[in-house]
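**Student:** Input run_18.csv, format and content: CSV, C-alpha atoms and all ligand atoms.
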```csv
chain,number,residue,atom,x,y,z
A,1,MET,CA,-0.1,101.4,53.7
A,2,VAL,CA,-0.4,104.9,52.1
A,3,LYS,CA,-3.4,105.6,50.0
A,4,LEU,CA,-3.7,108.6,47.7
A,5,ILE,CA,-6.5,110.0,45.6
A,6,ALA,CA,-6.0,111.8,42.3
A,7,TYR,CA,-8.6,114.4,41.3
A,8,HIS,CA,-9.2,115.9,37.9
A,9,VAL,CA,-7.4,113.2,36.1
A,10,SER,CA,-7.4,113.1,32.3
A,11,ASP,CA,-7.1,109.9,30.3
A,12,GLU,CA,-3.4,110.7,29.4
A,13,GLU,CA,-2.6,111.3,33.0
A,14,ALA,CA,-4.3,108.1,34.1
A,15,VAL,CA,-1.9,106.1,32.1
A,16,ILE,CA,1.1,107.7,33.9
A,17,ILE,CA,-0.6,107.4,37.3
A,18,ASN,CA,-1.1,103.6,36.7
A,19,GLU,CA,2.6,103.3,35.8
A,20,TRP,CA,3.5,105.1,39.0
A,21,ILE,CA,1.3,102.8,41.0
A,22,GLU,CA,3.1,99.8,39.4
A,23,LYS,CA,6.5,101.3,40.2
A,24,THR,CA,5.8,102.4,43.8
A,25,GLY,CA,3.2,99.9,45.0
A,26,ILE,CA,1.2,102.9,46.4
A,27,GLU,CA,-2.5,102.7,46.0
A,28,VAL,CA,-4.0,105.7,44.1
A,29,ALA,CA,-7.7,106.2,43.4
A,30,ILE,CA,-8.2,108.0,40.1
A,31,VAL,CA,-11.2,110.3,39.7
A,32,LYS,CA,-12.1,112.6,36.9
A,33,ASP,CA,-14.0,115.1,39.2
A,34,SER,CA,-12.4,118.4,40.3
A,35,LEU,CA,-11.9,118.9,44.0
A,36,THR,CA,-15.1,120.6,45.1
A,37,LEU,CA,-17.5,120.6,48.1
A,38,GLU,CA,-19.5,118.0,46.3
A,39,SER,CA,-16.6,115.7,45.5
A,40,VAL,CA,-14.4,116.1,48.6
A,41,GLY,CA,-16.2,113.2,50.3
A,42,LEU,CA,-14.5,110.8,47.9
A,43,ALA,CA,-11.2,111.6,49.7
A,44,GLU,CA,-12.4,110.2,53.1
A,45,GLY,CA,-10.2,107.3,54.1
A,46,TYR,CA,-7.2,108.5,51.9
A,47,ASP,CA,-3.9,110.0,53.2
A,48,GLY,CA,-3.2,112.5,50.6
A,49,ILE,CA,-4.4,114.2,47.4
A,50,THR,CA,-3.0,115.1,44.0
A,51,ASN,CA,-4.9,117.5,42.0
A,52,GLY,CA,-4.6,119.0,38.5
A,53,GLN,CA,-7.5,121.5,38.2
A,54,VAL,CA,-6.9,125.2,37.6
A,55,SER,CA,-10.3,126.3,38.7
A,56,ASN,CA,-10.7,127.6,42.3
A,57,VAL,CA,-10.9,125.2,45.2
A,58,ASP,CA,-13.7,126.2,47.6
A,59,SER,CA,-12.1,127.3,50.9
A,60,ARG,CA,-14.8,125.2,52.8
A,61,VAL,CA,-13.0,122.1,51.5
A,62,TYR,CA,-9.9,122.6,53.8
A,63,PRO,CA,-11.7,122.0,57.2
A,64,ILE,CA,-13.3,118.9,55.7
A,65,LEU,CA,-9.8,117.6,54.7
A,66,LYS,CA,-8.6,118.3,58.2
A,67,GLU,CA,-11.5,116.2,59.6
A,68,TYR,CA,-10.4,113.4,57.3
A,69,GLY,CA,-6.8,113.8,58.5
A,70,ILE,CA,-5.5,114.7,55.0
A,71,LYS,CA,-2.4,116.9,55.1
A,72,ALA,CA,-1.2,116.9,51.5
A,73,ILE,CA,-2.3,118.3,48.1
A,74,GLY,CA,0.3,117.7,45.4
A,75,GLN,CA,-0.8,120.1,42.6
A,76,ARG,CA,0.2,119.0,39.2
A,77,SER,CA,1.1,122.4,37.8
A,78,ALA,CA,3.5,125.3,38.5
A,79,GLY,CA,0.6,127.7,39.3
A,80,TYR,CA,-1.4,127.4,42.5
A,81,GLU,CA,-3.5,130.5,42.4
A,82,ASN,CA,-6.6,128.3,42.6
A,83,TYR,CA,-5.9,127.6,46.3
A,84,GLU,CA,-6.3,129.8,49.3
A,85,ILE,CA,-3.0,128.7,50.7
A,86,ASP,CA,-3.3,130.4,54.1
A,87,LYS,CA,-6.8,128.8,54.6
A,88,ALA,CA,-5.2,125.5,53.7
A,89,LYS,CA,-2.4,126.0,56.1
A,90,GLU,CA,-4.7,127.0,59.0
A,91,ASN,CA,-6.3,123.5,58.5
A,92,GLY,CA,-2.9,121.8,58.4
A,93,VAL,CA,-3.1,121.1,54.6
A,94,ILE,CA,0.3,121.5,52.8
A,95,ILE,CA,0.1,122.3,49.1
A,96,THR,CA,3.0,121.7,46.7
A,97,ASN,CA,3.5,122.7,43.1
A,98,VAL,CA,5.8,121.5,40.3
A,99,PRO,CA,7.8,124.7,39.5
A,100,SER,CA,9.8,123.2,36.6
A,101,TYR,CA,8.7,120.3,34.5
A,102,SER,CA,10.4,120.7,31.2
A,103,PRO,CA,11.9,124.1,30.4
A,104,GLU,CA,13.4,122.5,27.3
A,105,SER,CA,9.9,122.0,25.9
A,106,ILE,CA,9.0,125.7,26.1
A,107,ALA,CA,12.4,126.7,24.8
A,108,ASP,CA,12.0,124.4,21.8
A,109,PHE,CA,8.6,125.9,21.1
A,110,THR,CA,10.0,129.4,21.4
A,111,ALA,CA,12.7,128.7,18.8
A,112,PHE,CA,9.9,127.4,16.5
A,113,ALA,CA,7.8,130.5,17.2
A,114,ILE,CA,10.7,132.7,16.2
A,115,LEU,CA,11.5,130.8,13.0
A,116,ARG,CA,7.8,130.5,12.0
A,117,GLN,CA,7.6,134.3,11.8
A,118,LEU,CA,11.1,135.0,10.6
A,119,ARG,CA,10.8,132.5,7.7
A,120,ASN,CA,7.2,133.6,6.9
A,121,ILE,CA,6.1,130.0,7.1
A,122,ASP,CA,2.4,130.6,7.3
A,123,ALA,CA,2.4,132.9,4.2
A,124,ILE,CA,4.5,130.3,2.3
A,125,ASP,CA,2.1,127.5,3.4
A,126,GLN,CA,-0.8,129.5,2.0
A,127,ARG,CA,1.0,130.2,-1.3
A,128,VAL,CA,1.9,126.6,-1.7
A,129,ALA,CA,-1.7,125.6,-1.0
A,130,SER,CA,-2.7,127.6,-4.0
A,131,GLN,CA,0.2,126.3,-6.1
A,132,ASN,CA,2.2,129.5,-5.9
A,133,PHE,CA,5.8,128.3,-5.8
A,134,SER,CA,7.4,131.6,-6.7
A,135,TRP,CA,10.2,133.5,-4.8
A,136,GLU,CA,9.3,137.0,-4.0
A,137,PRO,CA,10.6,139.5,-1.4
A,138,VAL,CA,7.3,139.3,0.6
A,139,ILE,CA,8.4,135.8,1.8
A,140,ARG,CA,12.2,136.5,1.8
A,141,SER,CA,13.8,136.1,5.2
A,142,ARG,CA,16.9,137.0,7.2
A,143,PRO,CA,19.4,134.6,8.7
A,144,MET,CA,19.4,134.4,12.5
A,145,ASN,CA,23.2,134.9,12.8
A,146,LYS,CA,22.7,138.5,11.6
A,147,LEU,CA,20.0,139.3,14.1
A,148,LYS,CA,19.9,140.7,17.6
A,149,ILE,CA,17.5,138.9,19.9
A,150,ALA,CA,16.3,140.2,23.3
A,151,VAL,CA,15.4,137.7,25.9
A,152,ILE,CA,13.4,139.2,28.7
A,153,GLY,CA,13.7,137.0,31.9
A,154,VAL,CA,16.7,134.7,31.9
A,155,GLY,CA,15.7,131.9,34.2
A,156,ARG,CA,15.2,128.2,33.5
A,157,ILE,CA,13.4,128.8,30.2
A,158,GLY,CA,15.0,132.1,29.1
A,159,SER,CA,18.5,130.8,29.6
A,160,ARG,CA,17.8,127.7,27.5
A,161,VAL,CA,16.2,129.9,24.7
A,162,ALA,CA,19.3,132.2,24.8
A,163,ASN,CA,21.6,129.1,24.6
A,164,ILE,CA,19.8,127.8,21.5
A,165,LEU,CA,19.7,131.2,19.8
A,166,LYS,CA,23.3,132.0,20.5
A,167,ASN,CA,25.1,128.7,20.3
A,168,GLY,CA,22.7,127.0,17.9
A,169,PHE,CA,21.9,129.8,15.5
A,170,GLY,CA,24.7,132.3,16.1
A,171,ALA,CA,22.4,135.2,17.0
A,172,GLN,CA,23.5,138.1,19.1
A,173,VAL,CA,21.5,137.7,22.4
A,174,VAL,CA,20.9,140.6,24.7
A,175,ALA,CA,18.8,140.3,27.8
A,176,TYR,CA,17.1,142.0,30.7
A,177,ASP,CA,16.5,140.4,34.0
A,178,ILE,CA,15.8,142.0,37.4
A,179,GLU,CA,18.4,139.6,38.8
A,180,GLU,CA,21.5,139.1,36.6
A,181,ARG,CA,23.3,135.7,37.1
A,182,ASP,CA,27.0,135.1,36.5
A,183,GLU,CA,26.3,131.6,35.2
A,184,PHE,CA,24.5,133.1,32.2
A,185,ARG,CA,26.9,135.9,31.3
A,186,ASP,CA,28.5,133.8,28.6
A,187,ILE,CA,25.2,133.3,26.7
A,188,VAL,CA,23.5,136.7,27.2
A,189,ASP,CA,24.7,140.3,27.1
A,190,TYR,CA,22.7,141.7,30.1
A,191,GLN,CA,21.4,145.2,29.6
A,192,PRO,CA,20.8,147.6,32.5
A,193,ASP,CA,17.1,148.1,31.8
A,194,LEU,CA,14.3,146.8,29.7
A,195,ILE,CA,14.4,149.7,27.2
A,196,SER,CA,18.1,149.1,26.5
A,197,ALA,CA,17.4,145.4,25.8
A,198,ILE,CA,14.5,145.9,23.4
A,199,GLU,CA,15.3,149.2,21.6
A,200,ASP,CA,17.3,147.8,18.7
A,201,ALA,CA,16.4,144.1,18.9
A,202,ASP,CA,15.0,142.4,15.8
A,203,ILE,CA,13.2,139.9,17.9
A,204,VAL,CA,11.9,140.1,21.5
A,205,THR,CA,11.0,137.0,23.4
A,206,ILE,CA,9.4,137.1,26.9
A,207,HIS,CA,10.3,134.6,29.6
A,208,MET,CA,9.6,136.3,32.9
A,209,PRO,CA,6.7,135.5,35.4
A,210,SER,CA,3.7,137.7,35.6
A,211,THR,CA,4.1,140.1,38.5
A,212,VAL,CA,2.4,143.3,39.7
A,213,ASP,CA,5.4,145.3,38.2
A,214,ASN,CA,5.1,143.9,34.7
A,215,TYR,CA,1.3,144.0,34.2
A,216,ARG,CA,0.8,145.0,30.6
A,217,GLN,CA,4.4,146.3,30.5
A,218,PHE,CA,4.5,145.5,26.8
A,219,ASN,CA,2.1,148.3,25.8
A,220,ARG,CA,1.8,151.1,23.3
A,221,ASP,CA,4.7,153.1,24.8
A,222,LEU,CA,7.1,150.1,24.8
A,223,PHE,CA,6.2,149.0,21.3
A,224,ALA,CA,6.9,152.6,20.1
A,225,LYS,CA,10.5,152.3,21.6
A,226,MET,CA,11.2,149.0,19.7
A,227,LYS,CA,12.8,148.8,16.3
A,228,LYS,CA,10.3,149.1,13.5
A,229,GLY,CA,9.3,145.7,12.2
A,230,VAL,CA,10.3,143.8,15.4
A,231,ILE,CA,9.1,140.2,15.9
A,232,LEU,CA,7.5,139.4,19.3
A,233,VAL,CA,7.1,136.1,21.1
A,234,ASN,CA,5.2,135.7,24.4
A,235,ALA,CA,5.2,132.2,25.8
A,236,ALA,CA,5.2,133.5,29.4
A,237,ARG,CA,2.0,135.0,30.6
A,238,GLY,CA,-0.8,136.9,28.8
A,239,ARG,CA,-1.0,139.7,31.5
A,240,ILE,CA,2.5,140.9,30.5
A,241,VAL,CA,1.3,142.1,27.1
A,242,ASP,CA,-1.5,144.7,26.4
A,243,THR,CA,-3.2,142.8,23.5
A,244,GLU,CA,-5.1,145.8,22.1
A,245,ASP,CA,-2.0,147.9,22.0
A,246,LEU,CA,-0.1,145.0,20.3
A,247,ILE,CA,-2.8,144.7,17.6
A,248,GLU,CA,-2.6,148.5,17.1
A,249,ALA,CA,1.3,148.3,16.8
A,250,ILE,CA,1.1,145.5,14.3
A,251,ASP,CA,-1.5,147.3,12.2
A,252,ALA,CA,0.7,150.4,12.2
A,253,GLY,CA,3.7,148.3,11.0
A,254,GLN,CA,5.7,149.1,14.2
A,255,VAL,CA,5.6,145.4,15.1
A,256,GLN,CA,5.9,142.9,12.2
A,257,SER,CA,4.1,140.1,13.8
A,258,ALA,CA,3.7,138.2,17.1
A,259,ALA,CA,3.5,134.6,18.3
A,260,LEU,CA,1.4,134.4,21.4
A,261,ASP,CA,1.1,131.2,23.3
A,262,VAL,CA,-0.7,133.0,26.1
A,263,TYR,CA,-3.5,135.6,26.4
A,264,GLU,CA,-4.5,137.6,29.4
A,265,TYR,CA,-8.1,136.3,29.4
A,266,GLU,CA,-7.5,132.8,28.2
A,267,GLY,CA,-8.9,131.3,31.4
A,268,PRO,CA,-12.5,130.4,30.3
A,269,TYR,CA,-11.3,128.8,27.1
A,270,MET,CA,-8.1,126.9,28.1
A,271,PRO,CA,-7.7,124.0,27.6
A,272,LYS,CA,-11.2,123.3,26.2
A,273,ASN,CA,-12.6,122.3,22.8
A,274,TRP,CA,-14.7,125.4,22.0
A,275,GLU,CA,-15.8,124.2,18.6
A,276,GLY,CA,-19.3,125.4,17.7
A,277,LYS,CA,-19.5,127.6,20.8
A,278,GLU,CA,-19.5,131.4,20.8
A,279,ILE,CA,-16.5,133.4,21.9
A,280,THR,CA,-17.7,136.6,23.6
A,281,ASP,CA,-14.3,138.3,24.2
A,282,ASP,CA,-13.9,140.8,21.3
A,283,THR,CA,-10.1,141.2,21.8
A,284,PHE,CA,-9.7,137.4,21.7
A,285,ILE,CA,-11.7,137.3,18.5
A,286,LYS,CA,-9.5,140.0,17.0
A,287,LEU,CA,-6.4,138.1,18.1
A,288,LEU,CA,-7.6,134.8,16.7
A,289,ASN,CA,-8.4,136.4,13.3
A,290,HIS,CA,-5.4,138.6,12.9
A,291,PRO,CA,-3.2,137.5,10.0
A,292,LYS,CA,0.0,138.6,11.8
A,293,ILE,CA,-0.7,137.0,15.2
A,294,TYR,CA,0.2,133.4,15.5
A,295,TYR,CA,-1.8,132.2,18.5
A,296,THR,CA,-1.4,128.9,20.2
A,297,PRO,CA,-3.5,127.7,23.2
A,298,HIS,CA,-0.9,127.7,26.0
A,299,ILE,CA,0.7,124.7,24.5
A,300,ALA,CA,4.5,125.5,24.6
A,301,TYR,CA,5.0,123.2,27.5
A,302,TYR,CA,2.9,120.4,26.1
A,303,THR,CA,5.2,117.4,25.5
A,304,ASP,CA,5.1,113.8,26.8
A,305,GLU,CA,8.1,114.7,29.1
A,306,ALA,CA,6.3,117.7,30.6
A,307,VAL,CA,3.0,115.8,31.2
A,308,ARG,CA,4.9,112.9,32.9
A,309,ASN,CA,7.0,115.3,35.1
A,310,LEU,CA,3.8,117.1,36.2
A,311,VAL,CA,1.9,113.9,37.1
A,312,GLU,CA,4.9,112.3,38.8
A,313,GLY,CA,5.8,115.6,40.6
A,314,GLY,CA,2.3,115.9,42.1
A,315,LEU,CA,2.2,112.2,43.2
A,316,ASN,CA,5.8,112.2,44.6
A,317,SER,CA,5.2,115.4,46.6
A,318,ALA,CA,1.9,114.2,48.1
A,319,LEU,CA,3.6,111.0,49.1
A,320,GLU,CA,6.5,112.8,50.5
A,321,ILE,CA,4.3,114.9,52.8
A,322,VAL,CA,2.3,111.9,54.0
A,323,GLN,CA,5.6,110.1,54.8
A,324,THR,CA,7.8,112.9,56.1
A,325,GLY,CA,5.4,115.8,57.0
A,326,THR,CA,6.9,118.2,54.4
A,327,SER,CA,8.3,118.7,50.9
A,328,GLU,CA,10.8,120.9,49.2
A,329,PHE,CA,8.0,121.9,46.8
A,330,ARG,CA,5.6,123.1,49.5
A,331,VAL,CA,4.1,126.6,48.8
A,332,ASN,CA,2.5,127.2,52.2
B,1,LIG,P1,12.3,131.2,36.3
B,1,LIG,O1,11.8,131.7,37.6
B,1,LIG,O2,13.3,130.2,36.2
B,1,LIG,O3,12.8,132.5,35.5
B,1,LIG,C1,12.2,133.7,35.4
B,1,LIG,C2,13.2,134.8,35.3
B,1,LIG,O4,12.5,136.1,35.1
B,1,LIG,C3,14.1,135.0,36.5
B,1,LIG,O5,15.4,135.0,36.2
B,1,LIG,C4,13.6,136.3,37.1
B,1,LIG,O6,14.6,137.0,37.8
B,1,LIG,C5,13.2,137.1,35.9
B,1,LIG,N1,12.2,138.2,36.2
B,1,LIG,C6,11.2,138.2,37.1
B,1,LIG,N2,10.5,139.4,37.0
B,1,LIG,C7,11.1,140.1,36.1
B,1,LIG,C8,10.9,141.4,35.5
B,1,LIG,N3,9.9,142.1,36.0
B,1,LIG,N4,11.7,141.8,34.5
B,1,LIG,C9,12.7,141.0,34.0
B,1,LIG,N5,13.0,139.8,34.5
B,1,LIG,C10,12.2,139.3,35.5
B,1,LIG,O7,11.0,130.8,35.5
B,1,LIG,P2,10.9,129.8,34.2
B,1,LIG,O8,10.7,128.5,34.7
B,1,LIG,O9,12.0,130.2,33.3
B,1,LIG,O10,9.5,130.3,33.6
B,1,LIG,C11,9.3,131.6,33.1
B,1,LIG,C12,7.9,131.8,32.8
B,1,LIG,O11,7.4,131.0,31.7
B,1,LIG,C13,6.9,131.4,33.9
B,1,LIG,O12,6.8,132.3,34.9
B,1,LIG,C14,5.7,131.2,33.2
B,1,LIG,O13,5.0,132.4,33.2
B,1,LIG,C15,6.1,130.8,31.8
B,1,LIG,N6,5.7,129.4,31.4
B,1,LIG,C16,5.0,129.2,30.3
B,1,LIG,C17,4.6,128.0,29.9
B,1,LIG,C18,3.8,127.7,28.6
B,1,LIG,O14,3.4,126.6,28.4
B,1,LIG,N7,3.6,128.7,27.8
B,1,LIG,C19,5.0,126.9,30.7
B,1,LIG,C20,5.8,127.1,31.8
B,1,LIG,C21,6.1,128.4,32.2
```
Translate the structure described by the file into structure tokens.
**Tutor:**
Amino acid sequence: MVKLIAYHVSDEEAVIINEWIEKTGIEVAIVKDSLTLESVGLAEGYDGITNGQVSNVDSRVYPILKEYGIKAIGQRSAGYENYEIDKAKENGVIITNVPSYSPESIADFTAFAILRQLRNIDAIDQRVASQNFSWEPVIRSRPMNKLKIAVIGVGRIGSRVANILKNGFGAQVVAYDIEERDEFRDIVDYQPDLISAIEDADIVTIHMPSTVDNYRQFNRDLFAKMKKGVILVNAARGRIVDTEDLIEAIDAGQVQSAALDVYEYEGPYMPKNWEGKEITDDTFIKLLNHPKIYYTPHIAYYTDEAVRNLVEGGLNSALEIVQTGTSEFRVN
């Protein structure tokens, strides 16, 4: 009988794990602890692990797992930077991720992030709060079907965003991707390079992964090449945008506003309740207090569907490795 242990389990995840146990009949021990040198002992006697932590796993954990005969860690996220995957492999530990868990959720959120800015919702909210119900150009908007929107990165999420914007709102959608795909040509008008895609777009939305090539690619130089008053959305990765340069471009009126669901140095704060605690990162403080930056805490994915897919994905892959020795989602 297979026995799994689930580390770093939140209350909402525990509910889904219990339903999975009911469905599969597999025994799963649920623990709140992260997988550390101190907690690895809890795994002795189990066949596989599922883990959800984003903090680094100590490399000395892998030889201990080998000793216990554990060959599987089913990570419940897309990212797996917290593992030394080669060290894990040397010790016969296969790690899996969940590369796609609900692109629809992030696409929905992106459409909202665009409309929130375009329709000046936050300014309207403030005015309504002080009983100002007047119509003035400062809150006047533009219809989507008259706008050009640039989608940067047309993969699972970007293609869904493009589809909503083009077929739902009637916007003109241009795109840049390092790898154009024929299946998306009817929803995006691919441009040969990033500059051609962004230079006369009214809205730019980023949906590519963070790579060495696009580190802070959205910087002072690129903002200067955009149309004055452009609206930006970044629900991809914080490292792609130079935050200080963005603040400068907004203050200069070059960029109208930005919705950021991610921030380069979000790591220490996400997803934690920081109420009453000091934030020491000056750029983060500026971003949080900026009236034209709409910051959300890496929450674009956060729906019931996504949480369920992540939890079940981690469990299913750990089980698959225990039963078959491999998984299509292995990363090492
Ligand atoms: P995907 O792999 O399906 O698509 C990414 C696309 O970007 C691909 O078509 C790829 O060719 C393209 N690309 C890669 N490098 C590029 C570059 N330098 N310039 C232009 N295009 C480039 O990925 P996805 O599932 O659509 O996810 C996209 C990103 O969304 C993820 O990498 C992740 O960073 C982010 N994400 C955010 C959240 C959130 O909650 N905010 C959740 C999940 C994913």
**Student:** My list of candidates is A:Gln53, A:Thr205, A:Thr24, A:Asn91. Which is closest to ligand LIG 1 (chain B) when distances are computed with all atoms listed in the file?
**Tutor:**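 Using all atoms listed in the file, ligand LIG 1 (chain B) sits closest to A:Thr205.
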**Student:** Find the residues around region 305-309 of chain A up to 8 Å (all atoms listed in the file counted), leave out those fewer than 5 positions away in its own chain, and share them as a PyMOL selection string.
**Tutor:** chain A and resi 13+16+101-102+105
**Student:** Since we have the selection now, will you write its residues out, keeping C-alpha atoms, as a compact mmCIF listing (two decimals), in the coordinates of the input?
**Tutor:**
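Output contents, as saved in part_35.txt:
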```txt
# COMPACT_ATOMS: atom_id res chain seq x y z
CA GLU A 13 -2.60 111.30 33.00
CA ILE A 16 1.10 107.70 33.90
CA TYR A 101 8.70 120.30 34.50
CA SER A 102 10.40 120.70 31.20
CA SER A 105 9.90 122.00 25.90
```
**Student:** Go through A:Ile293, A:Ile195, A:Ala78, A:Val204 one by one, measure the shortest atom-to-atom distance of each to ligand LIG 1 (chain B) using all atoms listed in the file, and give the residue with the smallest value.
**Tutor:**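 Between A:Ile293, A:Ile195, A:Ala78, A:Val204, the residue approaching ligand LIG 1 (chain B) most closely is A:Ala78.
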**Student:** Considering only C-alpha atoms and all ligand atoms, tabulate each residue of chain A that lies at most 7 Å from ligand LIG 1 (chain B) along with its nearest interatomic pair and the corresponding distance in Å to one decimal; arrange the rows by chain and ascending residue number and present them as CSV.
**Tutor:**
```
residue,atom,partner,partner_atom,distance
A:Pro99,CA,B:LIG1,O8,6.8
A:Ser100,CA,B:LIG1,O8,5.7
A:Pro103,CA,B:LIG1,O8,6.3
A:Ile106,CA,B:LIG1,C18,6.1
A:Ile152,CA,B:LIG1,C9,5.6
A:Gly153,CA,B:LIG1,O4,3.5
A:Val154,CA,B:LIG1,O5,4.5
A:Gly155,CA,B:LIG1,O3,3.2
A:Arg156,CA,B:LIG1,O9,3.8
A:Ile157,CA,B:LIG1,O9,3.7
A:Gly158,CA,B:LIG1,O9,5.5
A:Tyr176,CA,B:LIG1,C9,5.6
A:Asp177,CA,B:LIG1,N5,3.6
A:Ile178,CA,B:LIG1,N5,4.6
A:Glu179,CA,B:LIG1,O6,4.7
A:His207,CA,B:LIG1,C11,4.7
A:Met208,CA,B:LIG1,O4,3.6
A:Pro209,CA,B:LIG1,O12,3.2
A:Ser210,CA,B:LIG1,O13,6.0
A:Thr211,CA,B:LIG1,N2,6.6
A:Asp213,CA,B:LIG1,N3,5.9
A:Asn214,CA,B:LIG1,N3,5.3
A:Ala235,CA,B:LIG1,N7,4.3
A:Ala236,CA,B:LIG1,C15,3.7
A:Arg237,CA,B:LIG1,O13,4.7
A:Asp261,CA,B:LIG1,N7,5.7
A:Val262,CA,B:LIG1,N7,6.3
A:His298,CA,B:LIG1,N7,4.9
A:Ile299,CA,B:LIG1,O14,5.1
A:Ala300,CA,B:LIG1,O14,4.1
A:Tyr301,CA,B:LIG1,O14,3.9
A:Tyr302,CA,B:LIG1,O14,6.6
```
**Student:** Since we have the selection now, will you write its residues out, keeping C-alpha atoms, as a compact mmCIF listing (two decimals), in the coordinates of the input?
**Tutor:**
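Just written: again.txt:
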```txt
# COMPACT_ATOMS: atom_id res chain seq x y z
CA PRO A 99 7.80 124.70 39.50
CA SER A 100 9.80 123.20 36.60
CA PRO A 103 11.90 124.10 30.40
CA ILE A 106 9.00 125.70 26.10
CA ILE A 152 13.40 139.20 28.70
CA GLY A 153 13.70 137.00 31.90
CA VAL A 154 16.70 134.70 31.90
CA GLY A 155 15.70 131.90 34.20
CA ARG A 156 15.20 128.20 33.50
CA ILE A 157 13.40 128.80 30.20
CA GLY A 158 15.00 132.10 29.10
CA TYR A 176 17.10 142.00 30.70
CA ASP A 177 16.50 140.40 34.00
CA ILE A 178 15.80 142.00 37.40
CA GLU A 179 18.40 139.60 38.80
CA HIS A 207 10.30 134.60 29.60
CA MET A 208 9.60 136.30 32.90
CA PRO A 209 6.70 135.50 35.40
CA SER A 210 3.70 137.70 35.60
CA THR A 211 4.10 140.10 38.50
CA ASP A 213 5.40 145.30 38.20
CA ASN A 214 5.10 143.90 34.70
CA ALA A 235 5.20 132.20 25.80
CA ALA A 236 5.20 133.50 29.40
CA ARG A 237 2.00 135.00 30.60
CA ASP A 261 1.10 131.20 23.30
CA VAL A 262 -0.70 133.00 26.10
CA HIS A 298 -0.90 127.70 26.00
CA ILE A 299 0.70 124.70 24.50
CA ALA A 300 4.50 125.50 24.60
CA TYR A 301 5.00 123.20 27.50
CA TYR A 302 2.90 120.40 26.10
```
**Student:** Write out as a PyMOL selection string which residues come within 9 Å of Leu42 (chain A) when counting all atoms listed in the file, dropping same-chain ones fewer than 4 positions away.
**Tutor:** chain A and resi 5+31+38+46
**Student:** Once you count all atoms listed in the file, what closest atom pair and distance in Å to one decimal does each residue of region 76-187 of chain A within 8 Å of region 223-233 of chain A have, with rows by chain and rising residue number, as a tab-separated table?
**Tutor:**
```
residue	atom	partner	partner_atom	distance
A:Thr110	CA	A:Val233	CA	7.3
A:Ala113	CA	A:Val233	CA	6.9
A:Ile114	CA	A:Val233	CA	7.0
A:Gln117	CA	A:Ile231	CA	7.3
A:Leu118	CA	A:Ile231	CA	7.7
```
**Student:** Would you mind listing what lies within 8 Å of region 28-30 of chain A as JSON, numbers by chain, with all atoms listed in the file counted and same-chain residues fewer than 5 positions away left out?
**Tutor:** {"A": [3, 4, 5, 6, 7, 9, 14, 17, 21]}
**Student:** Can I get the selection written as a CSV table (one decimal), in the coordinates of the input, with C-alpha atoms?
**Tutor:**
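The new file part02.csv reads:
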```
chain,number,residue,atom,x,y,z
A,3,LYS,CA,-3.4,105.6,50.0
A,4,LEU,CA,-3.7,108.6,47.7
A,5,ILE,CA,-6.5,110.0,45.6
A,6,ALA,CA,-6.0,111.8,42.3
A,7,TYR,CA,-8.6,114.4,41.3
A,9,VAL,CA,-7.4,113.2,36.1
A,14,ALA,CA,-4.3,108.1,34.1
A,17,ILE,CA,-0.6,107.4,37.3
A,21,ILE,CA,1.3,102.8,41.0
```
**Student:** Using all atoms listed in the file for the distances, tell me which of A:Arg239, A:Lys66, A:Lys292, A:Lys23 is nearest to Gln256 (chain A).
**Tutor:**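 Looking at the shortest contact to Gln256 (chain A), the residue is A:Lys292.
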**Student:** In terms of the shortest atom-to-atom distance over all atoms listed in the file, which of A:Lys286, A:Lys32, A:Arg216, A:Lys272 is closest to Glu248 (chain A)?
**Tutor:**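 Of A:Lys286, A:Lys32, A:Arg216, A:Lys272, the one nearest Glu248 (chain A) is A:Lys286, counting all atoms listed in the file.
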